[in-house]
$ cat model.cif   # mmCIF, C-alpha atoms
data_query
loop_
_atom_site.label_atom_id
_atom_site.label_comp_id
_atom_site.auth_asym_id
_atom_site.auth_seq_id
_atom_site.Cartn_x
_atom_site.Cartn_y
_atom_site.Cartn_z
CA MET A 177 80.82 115.98 96.04
CA THR A 178 84.36 116.07 94.68
CA ILE A 179 86.16 112.73 94.68
CA PRO A 180 89.62 113.11 96.22
CA SER A 181 92.68 111.72 94.45
CA VAL A 182 94.08 108.42 95.66
CA TYR A 183 97.31 110.02 96.82
CA GLU A 184 95.54 112.87 98.59
CA SER A 185 93.39 110.37 100.50
CA GLY A 186 96.46 108.30 101.31
CA PHE A 187 98.62 111.19 102.45
CA LYS A 188 95.87 112.69 104.62
CA CYS A 189 94.66 109.23 105.82
CA ARG A 190 91.08 110.13 104.95
CA CYS A 191 88.08 108.30 103.54
CA PRO A 192 88.62 107.32 99.88
CA ARG A 193 85.04 108.31 98.94
CA CYS A 194 84.56 111.73 100.55
CA GLY A 195 88.11 112.66 101.56
CA LYS A 196 86.92 114.08 104.89
CA GLY A 197 86.39 111.31 107.45
CA PRO A 198 89.48 109.84 109.12
CA LEU A 199 90.42 106.22 108.31
CA PHE A 200 92.13 105.38 111.58
CA THR A 201 91.07 105.69 115.22
CA GLN A 202 94.57 105.68 116.66
CA VAL A 203 97.77 105.13 114.74
CA LEU A 204 96.89 102.07 112.62
CA ASN A 205 93.49 100.88 113.89
CA MET A 206 90.79 101.04 111.23
CA ARG A 207 87.39 102.58 111.87
CA GLU A 208 84.24 100.59 111.10
CA THR A 209 82.68 103.30 108.93
CA CYS A 210 83.44 106.81 107.72
CA SER A 211 82.23 109.40 110.22
CA ASN A 212 81.40 111.82 107.40
CA CYS A 213 79.79 109.87 104.52
CA GLY A 214 79.07 106.53 106.23
CA LEU A 215 81.19 104.36 103.88
CA ASP A 216 81.49 100.88 105.37
CA TYR A 217 85.15 99.86 105.57
CA LYS A 218 84.43 96.11 105.50
CA PHE A 219 85.74 95.98 101.91
CA VAL A 220 89.26 96.85 103.14
CA ASP A 221 91.76 94.03 102.75
CA THR A 222 95.27 95.39 102.33
CA GLY A 223 96.86 92.21 103.64
CA ASP A 224 100.64 92.35 103.95
CA GLY A 225 101.06 94.91 101.15
CA PRO A 226 101.78 97.95 103.35
CA ALA A 227 104.34 96.02 105.41
CA VAL A 228 106.18 94.79 102.31
CA PHE A 229 106.39 98.27 100.80
CA ALA A 230 107.51 99.75 104.14
CA ILE A 231 110.21 97.08 104.57
CA PHE A 232 111.65 97.77 101.13
CA ILE A 233 111.56 101.54 101.52
CA LEU A 234 112.90 101.57 105.09
CA GLY A 235 115.53 98.94 104.28
CA PHE A 236 116.88 101.10 101.48
CA LEU A 237 116.83 104.29 103.57
CA CYS A 238 118.19 102.80 106.80
CA VAL A 239 120.98 100.74 105.25
CA GLY A 240 121.98 103.67 103.04
CA GLY A 241 121.84 106.03 106.01
CA ALA A 242 123.86 103.66 108.18
CA LEU A 243 126.53 103.32 105.49
CA ILE A 244 126.76 107.08 105.06
CA ALA A 245 126.86 107.62 108.84
CA GLU A 246 129.59 105.00 109.22
CA PHE A 247 131.90 105.83 106.34
CA LYS A 248 131.42 109.59 106.03
CA PHE A 249 131.03 110.60 109.68
CA GLY A 250 132.56 107.64 111.58
CA VAL A 251 129.64 107.22 113.98
CA PRO A 252 130.49 104.77 116.82
CA TRP A 253 128.49 101.55 117.17
CA TRP A 254 126.39 102.90 120.07
CA GLY A 255 125.49 105.91 117.91
CA HIS A 256 124.10 103.54 115.28
CA VAL A 257 122.12 101.70 117.94
CA LEU A 258 120.60 104.92 119.25
CA LEU A 259 120.01 106.50 115.86
CA TRP A 260 118.60 103.54 113.96
CA GLY A 261 117.00 101.88 116.98
CA ILE A 262 114.80 104.93 117.50
CA LEU A 263 114.44 106.27 113.96
CA THR A 264 113.54 103.01 112.21
CA PRO A 265 110.47 102.03 114.30
CA LEU A 266 109.10 105.58 114.28
CA ALA A 267 109.56 105.95 110.53
CA GLY A 268 108.09 102.46 110.04
CA VAL A 269 104.85 103.24 111.85
CA LEU A 270 104.39 106.56 110.04
CA LEU A 271 105.20 105.01 106.69
CA LEU A 272 102.81 102.10 107.33
CA ARG A 273 100.02 104.56 108.07
CA PHE A 274 100.41 106.40 104.76
CA ILE A 275 100.98 103.29 102.68
CA LYS A 276 97.98 101.50 104.21
CA ALA A 277 95.74 104.51 103.56
CA THR A 278 96.96 104.76 99.96
CA LEU A 279 96.37 101.06 99.31
CA ILE A 280 92.86 101.36 100.78
CA ALA A 281 92.14 104.32 98.48
CA LEU A 282 93.48 102.35 95.49
CA GLN A 283 91.38 99.34 96.44
CA TYR A 284 88.25 101.52 96.68
CA ARG A 285 88.93 103.43 93.46
CA ASN A 286 89.64 100.29 91.40
CA LYS A 287 86.83 98.27 93.02
CA ALA A 288 89.31 95.53 93.86
CA GLU A 289 87.82 92.51 95.55
CA GLU A 290 88.42 88.83 96.08
CA GLY A 291 88.52 86.80 92.89
CA ARG A 292 85.47 84.63 92.11
CA LEU A 293 84.81 81.92 89.60
CA GLU A 294 81.54 82.20 87.72
CA ARG A 295 79.74 79.20 86.33
CA LYS A 296 78.18 79.73 82.94
#

$ encode --input "model.cif" --output "structure tokens"
Amino acid sequence: MTIPSVYESGFKCRCPRCGKGPLFTQVLNMRETCSNCGLDYKFVDTGDGPAVFAIFILGFLCVGGALIAEFKFGVPWWGHVLLWGILTPLAGVLLLRFIKATLIALQYRNKAEEGRLERK
């Protein structure tokens, strides 16, 4: 079995072990296990990481896009409301999906888990 790359698993939103089973049932809802190899997804704990990355990326793109639309094309205020009010949430959900899948693949590949203190 060939192990898929982290970015391939993230972009395709597939299982980080086999690269075939889907990670999500709908848009962002995680499955319990991989339907192909049976990997249990209980290890997944991405926390707020995907949201933070998406906020920074979308903030840069949307503010930059709004400035270009305003000063280069003179878009009226209602045009900004329509454009960014529709585009930003859609891009946010899609971006969250890919970022979450990539962070899950990174967590699996690096065997990241909660820190523990060992007594010697």

$ resolve_selection --input "model.cif" --expression "the PyMOL selection byres ((chain A and resi 180-193) around 12)" --output "PyMOL selection string"
chain A and resi 177-179+194-217+219-220+226+270-287

$ atom_distance --input "model.cif" --atom1 "CA of Leu234 in chain A" --atom2 "CA of Trp260 in chain A"
10.7 Å

$ residues_around --input "model.cif" --residues "range 263-268 of chain A" --least-positions-apart "6" --cutoff "12 Å" --atoms "only C-alpha atoms" --output "number ranges by chain"
A: 203-204, 226-239, 241-242, 255-257, 274-276
